[in-house]
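With mmCIF, C-alpha atoms inside, this is coords.cif:
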data_protein
#
loop_
_atom_site.label_atom_id
_atom_site.label_comp_id
_atom_site.auth_asym_id
_atom_site.auth_seq_id
_atom_site.Cartn_x
_atom_site.Cartn_y
_atom_site.Cartn_z
CA ASN A 725 -25.38 17.05 -5.64
CA ALA A 726 -21.81 16.61 -6.94
CA GLY A 727 -20.26 15.78 -3.55
CA VAL A 728 -16.54 16.59 -3.42
CA THR A 729 -14.90 17.71 -6.65
CA GLN A 730 -11.22 18.26 -7.41
CA THR A 731 -9.36 19.82 -10.31
CA PRO A 732 -7.17 19.07 -12.13
CA LYS A 733 -7.17 15.25 -12.33
CA PHE A 734 -3.57 15.13 -13.50
CA GLN A 735 -0.75 17.66 -13.34
CA VAL A 736 2.94 17.67 -14.22
CA LEU A 737 5.15 20.39 -12.75
CA LYS A 738 8.79 21.26 -12.93
CA THR A 739 10.77 21.69 -9.73
CA GLY A 740 10.25 25.17 -8.32
CA GLN A 741 6.91 25.84 -9.99
CA SER A 742 3.87 26.73 -7.94
CA MET A 743 0.30 25.70 -8.42
CA THR A 744 -3.07 25.42 -6.70
CA LEU A 745 -5.12 22.25 -6.42
CA GLN A 746 -8.80 23.07 -6.29
CA CYS A 747 -11.37 21.39 -4.05
CA ALA A 748 -15.06 22.13 -3.67
CA GLN A 749 -17.99 20.48 -1.91
CA ASP A 750 -21.72 21.15 -2.13
CA MET A 751 -22.79 19.31 1.04
CA ASN A 752 -22.41 22.31 3.36
CA HIS A 753 -19.81 20.46 5.43
CA GLU A 754 -17.82 22.54 7.89
CA TYR A 755 -14.86 20.16 8.06
CA MET A 756 -12.56 19.78 5.06
CA SER A 757 -9.11 18.31 4.73
CA TRP A 758 -6.29 17.48 2.33
CA TYR A 759 -4.39 14.19 2.25
CA ARG A 760 -1.55 12.87 0.20
CA GLN A 761 -1.30 9.20 -0.68
CA ASP A 762 2.04 7.57 -1.35
CA PRO A 763 2.60 3.85 -2.00
CA GLY A 764 2.70 1.85 1.21
CA MET A 765 2.08 4.86 3.42
CA GLY A 766 -1.68 5.21 3.51
CA LEU A 767 -3.23 8.65 3.59
CA ARG A 768 -1.39 11.39 5.43
CA LEU A 769 -3.10 14.58 6.53
CA ILE A 770 -1.60 17.79 5.12
CA HIS A 771 -3.95 20.54 6.33
CA TYR A 772 -7.50 20.72 7.54
CA SER A 773 -10.22 23.29 8.23
CA VAL A 774 -13.09 23.21 10.71
CA GLY A 775 -14.91 26.10 9.03
CA ALA A 776 -14.55 29.20 6.88
CA GLY A 777 -11.58 31.27 8.01
CA ILE A 778 -10.12 28.49 10.19
CA THR A 779 -7.28 26.23 9.04
CA ASP A 780 -4.64 24.17 10.79
CA GLN A 781 -1.71 21.92 10.03
CA GLY A 782 -1.87 18.19 9.79
CA GLU A 783 0.87 15.59 9.82
CA VAL A 784 2.85 16.72 6.74
CA PRO A 785 2.20 20.45 6.14
CA ASN A 786 5.62 21.61 4.94
CA GLY A 787 5.60 23.02 1.41
CA TYR A 788 1.82 23.50 1.32
CA ASN A 789 -0.54 26.36 2.12
CA VAL A 790 -4.30 26.43 2.44
CA SER A 791 -7.05 28.97 2.90
CA ARG A 792 -10.79 28.68 3.52
CA SER A 793 -12.64 31.81 2.49
CA THR A 794 -15.97 29.99 1.92
CA THR A 795 -17.60 26.84 3.26
CA GLU A 796 -17.54 25.30 -0.22
CA ASP A 797 -13.91 25.76 -1.32
CA PHE A 798 -10.63 24.59 0.16
CA PRO A 799 -7.69 25.08 -2.24
CA LEU A 800 -4.24 23.62 -1.62
CA ARG A 801 -1.24 25.63 -2.80
CA LEU A 802 2.19 24.24 -3.55
CA LEU A 803 4.60 27.10 -3.07
CA SER A 804 7.70 25.72 -4.81
CA ALA A 805 7.18 22.18 -6.08
CA ALA A 806 9.74 19.50 -5.25
CA PRO A 807 10.04 15.91 -6.54
CA SER A 808 9.15 14.71 -3.01
CA GLN A 809 5.68 16.18 -3.56
CA THR A 810 4.96 13.72 -6.34
CA SER A 811 1.87 11.98 -5.01
CA VAL A 812 -1.87 11.56 -5.30
CA TYR A 813 -3.76 14.28 -3.44
CA PHE A 814 -7.22 13.74 -2.02
CA CYS A 815 -9.50 16.40 -0.67
CA ALA A 816 -12.20 15.32 1.77
CA SER A 817 -15.18 16.82 3.52
CA ARG A 818 -16.97 15.54 6.53
CA SER A 819 -20.31 15.71 8.27
CA THR A 820 -20.53 14.54 11.89
CA ASP A 821 -18.65 11.30 11.21
CA THR A 822 -18.73 10.19 7.58
CA GLN A 823 -15.87 11.56 5.53
CA TYR A 824 -16.25 11.79 1.76
CA PHE A 825 -13.26 11.93 -0.54
CA GLY A 826 -12.87 13.71 -3.85
CA PRO A 827 -11.64 11.81 -6.93
CA GLY A 828 -8.01 12.85 -6.40
CA THR A 829 -5.31 14.75 -8.27
CA ARG A 830 -2.27 12.85 -9.52
CA LEU A 831 0.71 15.22 -9.33
CA THR A 832 4.12 14.56 -10.80
CA VAL A 833 7.02 16.91 -10.10
CA LEU A 834 9.99 16.54 -12.41
CA GLY B 467 -0.69 12.35 18.16
CA GLU B 468 -2.54 9.24 17.08
CA ASN B 469 -0.68 6.35 15.49
CA VAL B 470 -2.48 3.55 13.63
CA GLU B 471 -0.81 0.30 12.62
CA GLN B 472 -2.45 -2.08 10.17
CA HIS B 473 -1.74 -5.75 9.40
CA PRO B 474 -1.26 -7.58 7.15
CA SER B 475 -0.05 -5.42 4.29
CA THR B 476 -1.20 -8.02 1.76
CA LEU B 477 -3.77 -10.79 2.06
CA SER B 478 -4.72 -13.41 -0.48
CA VAL B 479 -7.78 -15.63 0.06
CA GLN B 480 -9.84 -18.03 -1.99
CA GLU B 481 -13.30 -16.96 -3.06
CA GLY B 482 -15.78 -17.87 -0.35
CA ASP B 483 -13.23 -17.76 2.46
CA SER B 484 -13.17 -15.14 5.20
CA ALA B 485 -10.66 -12.28 5.46
CA VAL B 486 -9.59 -10.47 8.61
CA ILE B 487 -7.63 -7.22 8.76
CA LYS B 488 -6.38 -5.88 12.08
CA CYS B 489 -5.48 -2.40 13.30
CA THR B 490 -4.12 -1.02 16.54
CA TYR B 491 -4.23 2.58 17.70
CA SER B 492 -2.30 4.52 20.29
CA ASP B 493 -4.61 7.27 21.57
CA SER B 494 -6.99 5.93 24.22
CA ALA B 495 -9.21 8.99 23.63
CA SER B 496 -9.98 7.90 20.05
CA ASN B 497 -13.72 7.44 19.63
CA TYR B 498 -14.45 6.79 15.96
CA PHE B 499 -13.04 4.05 13.71
CA PRO B 500 -13.98 3.92 10.00
CA TRP B 501 -12.88 1.45 7.34
CA TYR B 502 -12.37 2.48 3.74
CA LYS B 503 -12.12 0.45 0.55
CA GLN B 504 -10.08 1.79 -2.34
CA GLU B 505 -10.16 0.22 -5.77
CA LEU B 506 -7.33 0.84 -8.19
CA GLY B 507 -7.30 4.44 -9.39
CA LYS B 508 -10.37 5.36 -7.38
CA ARG B 509 -11.07 7.37 -4.26
CA PRO B 510 -11.39 5.71 -0.82
CA GLN B 511 -15.00 4.79 -0.02
CA LEU B 512 -16.39 4.27 3.47
CA ILE B 513 -17.63 0.70 3.94
CA ILE B 514 -18.29 0.50 7.66
CA ASP B 515 -17.51 2.41 10.84
CA ILE B 516 -17.82 1.96 14.58
CA ARG B 517 -17.91 4.26 17.57
CA SER B 518 -16.10 3.59 20.81
CA ASN B 519 -19.32 2.89 22.74
CA VAL B 520 -20.04 -0.15 20.53
CA GLY B 521 -18.12 -3.43 20.51
CA GLU B 522 -19.25 -4.83 17.19
CA LYS B 523 -21.12 -3.73 14.10
CA LYS B 524 -22.23 -5.79 11.11
CA ASP B 525 -23.44 -4.91 7.64
CA GLN B 526 -24.23 -7.95 5.49
CA ARG B 527 -20.88 -9.69 4.79
CA ILE B 528 -18.68 -7.18 6.60
CA ALA B 529 -18.28 -6.62 10.32
CA VAL B 530 -16.03 -4.58 12.54
CA THR B 531 -15.05 -5.39 16.11
CA LEU B 532 -13.50 -3.02 18.62
CA ASN B 533 -11.53 -3.84 21.77
CA LYS B 534 -10.98 -0.55 23.60
CA THR B 535 -8.94 -2.12 26.38
CA ALA B 536 -6.42 -3.54 23.95
CA LYS B 537 -6.80 -0.58 21.57
CA HIS B 538 -7.38 -2.65 18.50
CA PHE B 539 -10.14 -3.08 15.94
CA SER B 540 -10.64 -5.51 13.10
CA LEU B 541 -12.48 -5.81 9.81
CA HIS B 542 -14.06 -9.16 8.98
CA ILE B 543 -15.26 -10.01 5.49
CA THR B 544 -17.13 -13.30 5.10
CA GLU B 545 -17.89 -15.22 1.90
CA THR B 546 -15.38 -13.16 -0.04
CA GLN B 547 -15.99 -12.44 -3.70
CA PRO B 548 -13.59 -11.30 -6.46
CA GLU B 549 -15.13 -7.81 -6.30
CA ASP B 550 -13.89 -7.53 -2.71
CA SER B 551 -10.35 -7.30 -4.13
CA ALA B 552 -9.07 -3.81 -3.24
CA VAL B 553 -6.94 -1.95 -0.72
CA TYR B 554 -8.56 -1.52 2.68
CA PHE B 555 -7.65 1.25 5.11
CA CYS B 556 -8.51 1.54 8.77
CA ALA B 557 -8.56 4.92 10.50
CA ALA B 558 -8.99 6.38 13.95
CA GLN B 559 -10.15 9.77 15.10
CA GLY B 560 -7.61 10.63 17.76
CA ASP B 561 -8.17 14.20 18.92
CA THR B 562 -11.80 15.16 19.28
CA GLY B 563 -10.93 18.85 18.94
CA ARG B 564 -9.24 18.41 15.57
CA ARG B 565 -11.55 15.59 14.41
CA ALA B 566 -8.73 14.46 12.17
CA LEU B 567 -8.59 10.88 10.91
CA THR B 568 -5.28 9.03 11.12
CA PHE B 569 -5.04 6.19 8.61
CA GLY B 570 -3.30 2.86 8.68
CA SER B 571 -0.95 1.99 5.84
CA GLY B 572 -3.45 -0.23 4.05
CA THR B 573 -4.04 -3.91 3.27
CA ARG B 574 -4.15 -5.16 -0.29
CA LEU B 575 -6.76 -7.93 -0.39
CA GLN B 576 -6.80 -10.28 -3.34
CA VAL B 577 -9.66 -12.75 -3.68
CA GLN B 578 -8.74 -15.65 -5.96
CA PRO B 579 -11.66 -17.04 -7.98
#
Full structure transcribed into structure tokens:
Amino acid sequence: NAGVTQTPKFQVLKTGQSMTLQCAQDMNHEYMSWYRQDPGMGLRLIHYSVGAGITDQGEVPNGYNVSRSTTEDFPLRLLSAAPSQTSVYFCASRSTDTQYFGPGTRLTVL
Amino acid sequence: GENVEQHPSTLSVQEGDSAVIKCTYSDSASNYFPWYKQELGKRPQLIIDIRSNVGEKKDQRIAVTLNKTAKHFSLHITETQPEDSAVYFCAAQGDTGRRALTFGSGTRLQVQP
């Protein structure tokens, strides 16, 4: 049981490039979400999904897309990277209450 | 939407002392309040949580209290140890339909040996 996994661990992009952050969970959780963490600002919700085929926006969705074709996977796409998207990204999945976080992806946009 | 404020932003205590971190929330419909601990470079880990139908919950040296009327909840750590040094985040589940967690901005706790 690997829990929540994320790839890559580190990524450097140039402004305007696109990329996909991968997230997978093997706990059969319906609820998954993406957060970004910036210094002094806690964790802010980007997008979330309550099940396969269902996604919705969180607090800071601009510049990001998500899809949920399976229960296990919830990728986050950056359409055209900007320096303001430099951050640490955490994926999370949740049972009834307890939310489990992945190890994070540290993204730098130059 | 839900708004969670957390204080203090930094807290330094001597080993063996108690530490208290406080959070307030805005949505009176919020019903679930977890606390997470995050060590440097690691993912947030759940340490304790409380539901709105309970006023207090304790797990060994940590406890959480909830005052629904005042819309605030607190984390209490007793007999602090150096390994308690980390950033602590409170959160509230504001909209039961979305089940999204809104996080406070974090408290950096430093326990001095």
> Between CA of Pro474 (chain B) and CA of Gln576 (chain B), what is the distance, to one decimal in Å?
Replying inline: 12.2 Å
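Restricting the calculation to only C-alpha atoms, the smallest distance between Phe798 (chain A) and any of A:Ser742, A:Gln730, A:Thr810, A:Thr822 is found for A:Gln730.
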With chain A as the partner and 12 Å as the cut-off, tabulate the residues of chain B that qualify, each row holding the nearest pair of atoms and their distance in Å to one decimal, using all atoms listed in the file, sorted by chain and rising number, as a tab-separated table.
residue	atom	partner	partner_atom	distance
B:Gly467	CA	A:Glu783	CA	9.1
B:Glu468	CA	A:Glu783	CA	10.2
B:Asn469	CA	A:Glu783	CA	11.0
B:Val470	CA	A:Gly766	CA	10.3
B:Glu471	CA	A:Gly766	CA	10.4
B:Gln472	CA	A:Gly766	CA	9.9
B:Pro474	CA	A:Gly764	CA	11.8
B:Ser475	CA	A:Gly764	CA	8.4
B:Thr476	CA	A:Gly764	CA	10.6
B:Asn497	CA	A:Asp821	CA	10.5
B:Tyr498	CA	A:Asp821	CA	7.8
B:Phe499	CA	A:Asp821	CA	9.5
B:Pro500	CA	A:Thr822	CA	8.2
B:Trp501	CA	A:Thr822	CA	10.5
B:Tyr502	CA	A:Gln823	CA	9.9
B:Lys503	CA	A:Phe825	CA	11.6
B:Gln504	CA	A:Phe825	CA	10.8
B:Glu505	CA	A:Pro827	CA	11.7
B:Leu506	CA	A:Pro827	CA	11.9
B:Gly507	CA	A:Pro827	CA	8.9
B:Lys508	CA	A:Pro827	CA	6.6
B:Arg509	CA	A:Pro827	CA	5.2
B:Pro510	CA	A:Phe825	CA	6.5
B:Gln511	CA	A:Tyr824	CA	7.3
B:Leu512	CA	A:Thr822	CA	7.6
B:Ile513	CA	A:Thr822	CA	10.2
B:Ile514	CA	A:Thr822	CA	9.7
B:Asp515	CA	A:Thr822	CA	8.5
B:Ile516	CA	A:Asp821	CA	10.0
B:Arg517	CA	A:Asp821	CA	9.5
B:Val553	CA	A:Gly766	CA	9.8
B:Tyr554	CA	A:Gly766	CA	9.7
B:Phe555	CA	A:Gly766	CA	7.3
B:Cys556	CA	A:Gly766	CA	9.4
B:Ala557	CA	A:Leu767	CA	9.5
B:Ala558	CA	A:Asp821	CA	11.2
B:Gln559	CA	A:Asp821	CA	9.5
B:Asp561	CA	A:Gly782	CA	11.8
B:Thr562	CA	A:Asp821	CA	11.3
B:Gly563	CA	A:Val774	CA	9.6
B:Arg564	CA	A:Val774	CA	7.8
B:Arg565	CA	A:Tyr755	CA	8.5
B:Ala566	CA	A:Tyr772	CA	7.9
B:Leu567	CA	A:Leu769	CA	7.9
B:Thr568	CA	A:Arg768	CA	7.3
B:Phe569	CA	A:Leu767	CA	5.9
B:Gly570	CA	A:Gly766	CA	5.9
B:Ser571	CA	A:Gly766	CA	4.0
B:Gly572	CA	A:Gly766	CA	5.7
B:Thr573	CA	A:Gly764	CA	9.1
B:Arg574	CA	A:Gly764	CA	9.9
>> Since I can't run it myself right now, could you work out what the PyMOL selection byres ((chain A and resi 799-804) around 10) selects here and report it as a ChimeraX atom specification?
In response: /A:730-731,737-748,757-758,770-771,786-793,797-798,805-806,809,813,815
Give me a file of those residues, with C-alpha atoms, as a CSV table (one decimal), keeping the file's coordinate frame.
chain,number,residue,atom,x,y,z
A,730,GLN,CA,-11.2,18.3,-7.4
A,731,THR,CA,-9.4,19.8,-10.3
A,737,LEU,CA,5.2,20.4,-12.8
A,738,LYS,CA,8.8,21.3,-12.9
A,739,THR,CA,10.8,21.7,-9.7
A,740,GLY,CA,10.2,25.2,-8.3
A,741,GLN,CA,6.9,25.8,-10.0
A,742,SER,CA,3.9,26.7,-7.9
A,743,MET,CA,0.3,25.7,-8.4
A,744,THR,CA,-3.1,25.4,-6.7
A,745,LEU,CA,-5.1,22.2,-6.4
A,746,GLN,CA,-8.8,23.1,-6.3
A,747,CYS,CA,-11.4,21.4,-4.0
A,748,ALA,CA,-15.1,22.1,-3.7
A,757,SER,CA,-9.1,18.3,4.7
A,758,TRP,CA,-6.3,17.5,2.3
A,770,ILE,CA,-1.6,17.8,5.1
A,771,HIS,CA,-4.0,20.5,6.3
A,786,ASN,CA,5.6,21.6,4.9
A,787,GLY,CA,5.6,23.0,1.4
A,788,TYR,CA,1.8,23.5,1.3
A,789,ASN,CA,-0.5,26.4,2.1
A,790,VAL,CA,-4.3,26.4,2.4
A,791,SER,CA,-7.0,29.0,2.9
A,792,ARG,CA,-10.8,28.7,3.5
A,793,SER,CA,-12.6,31.8,2.5
A,797,ASP,CA,-13.9,25.8,-1.3
A,798,PHE,CA,-10.6,24.6,0.2
A,805,ALA,CA,7.2,22.2,-6.1
A,806,ALA,CA,9.7,19.5,-5.2
A,809,GLN,CA,5.7,16.2,-3.6
A,813,TYR,CA,-3.8,14.3,-3.4
A,815,CYS,CA,-9.5,16.4,-0.7
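Nearest residue to Glu754 (chain A), choosing from A:Ala776, A:Val728, A:Val736, A:Leu831 and counting all atoms listed in the file: A:Ala776.
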To verify the selection step, state as a tab-separated table (two decimals) with C-alpha atoms, in the frame of the given file which residues the PyMOL selection byres ((chain B and resi 543) around 6) yields on this input.
chain	number	residue	atom	x	y	z
B	484	SER	CA	-13.17	-15.14	5.20
B	485	ALA	CA	-10.66	-12.28	5.46
B	527	ARG	CA	-20.88	-9.69	4.79
B	528	ILE	CA	-18.68	-7.18	6.60
B	542	HIS	CA	-14.06	-9.16	8.98
B	544	THR	CA	-17.13	-13.30	5.10
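Atom pair CA of Val486 (chain B) / CA of Leu532 (chain B) has a distance of 13.1 Å (rounded to one decimal).
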>> Just the number, please: distance in Å from CA of Ser492 (chain B) to CA of Leu541 (chain B), one decimal.
In response: 17.9 Å
>> Residue by residue, what does the PyMOL selection byres ((chain A and resi 726) around 9) grab here? Present the result as a ChimeraX atom specification.
In response: /A:725,727-729,749-751
> How would you write as number ranges by chain the residues that get within 12 Å of (-8.8, 7.7, 29.3) in the file's frame, counting only C-alpha atoms?
Replying inline: B: 492-497, 518, 534-535, 537, 560
